[in-house]
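Here is the structure we will look at, set down as structure tokens.
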Amino acid sequence: MLDSLEQNARRAKEGMSFSDYRPGSATAEYNEYCKEAEEVANHAKERLAKLGAPTERSEKVDYLLELYKKKKLSWMNDLYANRARVPSVLITGPANFPVRAKERQNAREDTLMEQDPDYILSEIRGVGHNAKTIYSDDKDAVERIKAKIEGLKGAPDPYGNKSAEIRRLKERLLSLAPEEFAEQQANITVNGIKTYDDIVALWNNGKLYKSTYVSSYDPAPHWYFDLLLDFYDGKRHHKELLNIEIDEAGENLRRYNFEKRETESIPLTDEMKYRLIIAKISGSGNKAVIYKHLESLMPKAQRKSAESEPVESEKTVIINGELAKIIANKEDMRLQLIFEGKPNEKTRELLKSNGFRWAPSCMAWQRLLNDNAVWALKRITDK
């Protein structure tokens, strides 16, 4: 590849200048780019080591560095090859100069400049700058989030910023390791009730009343419904008031539709009643834990959970006509796909577009092991 680079650079020099090409100058230019990239990568890896980032971050830096070197060499070859296609007017003279060909060459030059792989250096710098960031696909993400939560609990918090951070971290922990909240969710009640049917039945304890306020713009009577709610997770009570406008019979929810610019009636089915109740506890932190648990009690969520079969480890599937072995690696929290050889380009693009990334450390295509990964695998698996 370097020999080809030298040949293209020499031809480009001869087509643009009367001076001779100095052998090895294009190779020296490429080596200088590589040296700069190595310095950026080493700086990023030093920062990662200093801040105790996971080892896979350093592996990612090495991968990006090799990718940069490969793409930069290919890009320089294309650049010099394009410059050698049409000589300069200073070399050929103005007579019969191929103007259209020169225009195409200049257009190609602009395109190549936009494709300069220097953006990879920005990615490498970003990996170093984000050394403290906990990514969901880190192997020890759960342990690091739990440690960070414990560290924030004992720190002074006069402005409430650390409490907000704890709530945000708990919401992330809930999505990565829901089993961590199993004990807390087992104690969740609404007004002392735990089951879906009983929570829906709480609606009968509400109060339906007519508003005493009469507007000259809207003289029709308005009816409202109030229901006091007490959400409890075994440690803390969250008291809320459900207040909505309904019709006199109490069978329809009255809600203003801003798109249609009119008030519409929505039937108060059991599912609608349940959603209105649990919506009062939606939020972050402990509220998110309670809401996710109550949402999982709905019949629709129960059916979906029953239909989504867990991925069997050591099972094989066909993806774009290629055989792959599935490994549900619960220790590293990864859904891994291992092919017999290197998948073809179309298969690789299919994997990348569905969140799978090549991991040289385990020689597998993988992504975080969760429900989304399972559905992504089903999506790309041949029928």
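Letters for chains follow the order of the structure tokens (A, B, ...), residue numbers begin at 1 for each chain, and ligand numbers begin at 1 in the order shown.
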Can you list, as an mmCIF file with N, CA and C atoms, in the first residue's frame, every protein, DNA or RNA residue that comes within 6 Å of region 46-56 of chain A when you count only C-alpha atoms, leaving out same-chain residues fewer than 3 positions away?
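After the write, part_11.cif holds the following:
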data_model
loop_
_atom_site.group_PDB
_atom_site.id
_atom_site.type_symbol
_atom_site.label_atom_id
_atom_site.label_comp_id
_atom_site.auth_asym_id
_atom_site.auth_seq_id
_atom_site.Cartn_x
_atom_site.Cartn_y
_atom_site.Cartn_z
ATOM 1 N N HIS A 43 -2.179 9.657 25.078
ATOM 2 C CA HIS A 43 -2.710 10.616 26.056
ATOM 3 C C HIS A 43 -4.068 10.148 26.576
ATOM 4 N N GLU A 59 -8.900 -0.766 25.004
ATOM 5 C CA GLU A 59 -8.992 -1.610 23.814
ATOM 6 C C GLU A 59 -9.692 -0.856 22.680
ATOM 7 N N GLY A 128 -10.988 9.469 25.955
ATOM 8 C CA GLY A 128 -10.167 9.903 27.080
ATOM 9 C C GLY A 128 -10.871 10.908 27.962
ATOM 10 N N ALA A 131 -13.510 9.516 30.528
ATOM 11 C CA ALA A 131 -12.988 8.385 31.308
ATOM 12 C C ALA A 131 -13.843 8.089 32.540
#
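The shell of residues at most 10 Å from region 178-183 of chain A, with only C-alpha atoms counted and near chain neighbours (fewer than 2 positions) removed, consists of Val142, Lys146, Lys170, Glu171, Arg172, Leu173, Leu174, Ser175, Leu176, Gln185, Ala186, Asn187, Ile188, Asp233, Gly234, Asn286, Val289, Ile290, Lys292 and His293 of chain A.
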Export, as an mmCIF file, in the first residue's frame, the selected residues with N, CA and C atoms.
data_model
loop_
_atom_site.group_PDB
_atom_site.id
_atom_site.type_symbol
_atom_site.label_atom_id
_atom_site.label_comp_id
_atom_site.auth_asym_id
_atom_site.auth_seq_id
_atom_site.Cartn_x
_atom_site.Cartn_y
_atom_site.Cartn_z
ATOM 1 N N VAL A 142 -22.895 -1.949 36.417
ATOM 2 C CA VAL A 142 -23.791 -2.065 37.567
ATOM 3 C C VAL A 142 -23.041 -1.787 38.863
ATOM 4 N N LYS A 146 -23.612 1.421 41.448
ATOM 5 C CA LYS A 146 -23.940 1.203 42.860
ATOM 6 C C LYS A 146 -22.923 1.883 43.770
ATOM 7 N N LYS A 170 -30.235 5.750 39.911
ATOM 8 C CA LYS A 170 -31.132 4.647 40.253
ATOM 9 C C LYS A 170 -31.990 4.243 39.057
ATOM 10 N N GLU A 171 -32.381 5.248 38.258
ATOM 11 C CA GLU A 171 -33.174 4.938 37.066
ATOM 12 C C GLU A 171 -32.346 4.143 36.064
ATOM 13 N N ARG A 172 -31.061 4.480 35.932
ATOM 14 C CA ARG A 172 -30.177 3.712 35.042
ATOM 15 C C ARG A 172 -29.966 2.306 35.579
ATOM 16 N N LEU A 173 -29.803 2.197 36.903
ATOM 17 C CA LEU A 173 -29.598 0.886 37.526
ATOM 18 C C LEU A 173 -30.831 0.015 37.346
ATOM 19 N N LEU A 174 -32.007 0.631 37.365
ATOM 20 C CA LEU A 174 -33.248 -0.118 37.175
ATOM 21 C C LEU A 174 -33.313 -0.747 35.793
ATOM 22 N N SER A 175 -32.825 -0.034 34.773
ATOM 23 C CA SER A 175 -32.865 -0.571 33.412
ATOM 24 C C SER A 175 -31.786 -1.622 33.183
ATOM 25 N N LEU A 176 -30.626 -1.491 33.885
ATOM 26 C CA LEU A 176 -29.525 -2.439 33.684
ATOM 27 C C LEU A 176 -29.654 -3.679 34.553
ATOM 28 N N GLN A 185 -39.553 -3.844 45.199
ATOM 29 C CA GLN A 185 -40.778 -3.933 44.422
ATOM 30 C C GLN A 185 -41.780 -4.911 45.024
ATOM 31 N N ALA A 186 -41.275 -5.894 45.785
ATOM 32 C CA ALA A 186 -42.184 -6.852 46.423
ATOM 33 C C ALA A 186 -43.042 -6.184 47.490
ATOM 34 N N ASN A 187 -42.591 -5.041 48.016
ATOM 35 C CA ASN A 187 -43.329 -4.345 49.077
ATOM 36 C C ASN A 187 -44.179 -3.191 48.550
ATOM 37 N N ILE A 188 -44.197 -2.973 47.242
ATOM 38 C CA ILE A 188 -44.909 -1.829 46.683
ATOM 39 C C ILE A 188 -46.421 -2.036 46.770
ATOM 40 N N ASP A 233 -43.343 1.914 49.153
ATOM 41 C CA ASP A 233 -42.366 0.927 48.689
ATOM 42 C C ASP A 233 -41.660 0.208 49.827
ATOM 43 N N GLY A 234 -42.259 0.215 51.007
ATOM 44 C CA GLY A 234 -41.639 -0.455 52.155
ATOM 45 C C GLY A 234 -40.796 0.462 53.010
ATOM 46 N N ASN A 286 -36.712 6.566 43.087
ATOM 47 C CA ASN A 286 -37.627 5.592 43.693
ATOM 48 C C ASN A 286 -38.992 5.611 43.011
ATOM 49 N N VAL A 289 -38.890 3.344 40.086
ATOM 50 C CA VAL A 289 -38.938 1.931 40.503
ATOM 51 C C VAL A 289 -40.384 1.512 40.741
ATOM 52 N N ILE A 290 -41.132 2.360 41.443
ATOM 53 C CA ILE A 290 -42.534 2.045 41.731
ATOM 54 C C ILE A 290 -43.345 2.010 40.444
ATOM 55 N N LYS A 292 -42.391 1.515 37.269
ATOM 56 C CA LYS A 292 -42.049 0.380 36.399
ATOM 57 C C LYS A 292 -42.688 -0.899 36.904
ATOM 58 N N HIS A 293 -42.693 -1.077 38.230
ATOM 59 C CA HIS A 293 -43.295 -2.289 38.790
ATOM 60 C C HIS A 293 -44.805 -2.301 38.553
#
Revision key, fill the gap. With distances taken over only C-alpha atoms, the candidate from A:Ser58, A:Thr195, A:Ser17, A:Thr111 nearest Ser296 (chain A) is A:Thr195
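Checking A:Gly355, A:Gly154, A:Gly206, A:Pro360 one by one against Ala376 (chain A), counting only C-alpha atoms, you find the shortest gap at A:Gly355.
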Practice item. Could you jot down the CA of Tyr217 (chain A) to CA of Glu262 (chain A) separation for me, Å, one decimal place? Key: 14.1 Å
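Nearest-residue note for Val127 (chain A): choosing from A:Asp226, A:Asp270, A:Asp62, A:Glu36, the minimum distance belongs to A:Asp62, counting only C-alpha atoms.
Taking only C-alpha atoms, the non-local environment of region 76-93 of chain A within 9 Å (same-chain residues fewer than 6 positions away omitted) comprises Met1, Leu2, Ser4, Leu5, Glu6, Gln7, Asn8, Ala9, Arg10, Arg11, Ala12, Lys13, Glu14, Gly15, Met16, Ser17, Phe18, Ala26, Tyr30, Ala101, Lys102, Gln105, Asn106, Arg108, Glu109, Leu112, Met113 and Asp116 of chain A.
For the pair CA of Ile124 (chain A) and CA of Val40 (chain A), the separation is 7.2 Å.
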Exercise for review: Just the residues within 8 Å of Ile199 (chain A), please, counting only C-alpha atoms, with nothing from its chain fewer than 4 positions along; format it as a PyMOL selection string.
Suggested key: chain A and resi 190+193-195+203+274
Check your understanding: Any idea what the distance is between CA of Ile166 (chain A) and CA of Leu369 (chain A)?
Key -> 23.7 Å
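Proximity ranking of A:Ser284, A:Gln115, A:Ser122, A:Ser74 relative to Val61 (chain A) places A:Ser122 first, based on only C-alpha atoms.
Compared by their closest atoms to Lys207 (chain A), and using only C-alpha atoms, the residues A:Leu64, A:Ile244, A:Asp230, A:Arg144 rank with A:Ile244 nearest.
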**Study point:** Nearby residues (only C-alpha atoms) at most 12 Å from Met272 (chain A), same-chain spacing under 2 positions excluded, as a PyMOL selection string
**Key:** chain A and resi 200+203+251-253+266-270+274-279+298
Check your understanding: Out of region 198-233 of chain A, which residues get alpha helix (DSSP H) from DSSP, as number ranges by chain?
Key -> A: 198-201
Could you please take those selected residues and save N, CA and C atoms as a PDB file, in the first residue's frame?
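Below you can see selection_5.pdb, which holds the result:
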ATOM      1  N   ASP A 198     -57.244  -5.125  42.101  1.00  0.00           N
ATOM      2  CA  ASP A 198     -57.569  -4.398  43.332  1.00  0.00           C
ATOM      3  C   ASP A 198     -57.255  -2.909  43.200  1.00  0.00           C
ATOM      4  N   ILE A 199     -56.180  -2.593  42.460  1.00  0.00           N
ATOM      5  CA  ILE A 199     -55.829  -1.177  42.264  1.00  0.00           C
ATOM      6  C   ILE A 199     -56.884  -0.503  41.394  1.00  0.00           C
ATOM      7  N   VAL A 200     -57.365  -1.201  40.379  1.00  0.00           N
ATOM      8  CA  VAL A 200     -58.444  -0.646  39.543  1.00  0.00           C
ATOM      9  C   VAL A 200     -59.690  -0.423  40.392  1.00  0.00           C
ATOM     10  N   ALA A 201     -59.951  -1.347  41.335  1.00  0.00           N
ATOM     11  CA  ALA A 201     -61.144  -1.242  42.191  1.00  0.00           C
ATOM     12  C   ALA A 201     -61.074  -0.036  43.122  1.00  0.00           C
TER      13      ALA A 201
END
Point to revise | Every residue of region 147-323 of chain A that DSSP places in strand (DSSP E or B), as a ChimeraX atom specification | key: /A:189-190,193,207-210,223-232,237-246,252-257,262-267,315-319,322-323
Practice item. Extract, using only C-alpha atoms, all DNA, RNA and protein residues at most 10 Å from Glu245 (chain A), discarding same-chain residues fewer than 3 positions from it, and format them as a ChimeraX atom specification. Key: /A:208-211,222-226,248,250,252-255,265
Point to revise | Exercise: Thr347 (chain A) partners within 9 Å, only C-alpha atoms, chain neighbours under 6 positions left out, as a ChimeraX atom specification | key: /A:319-322
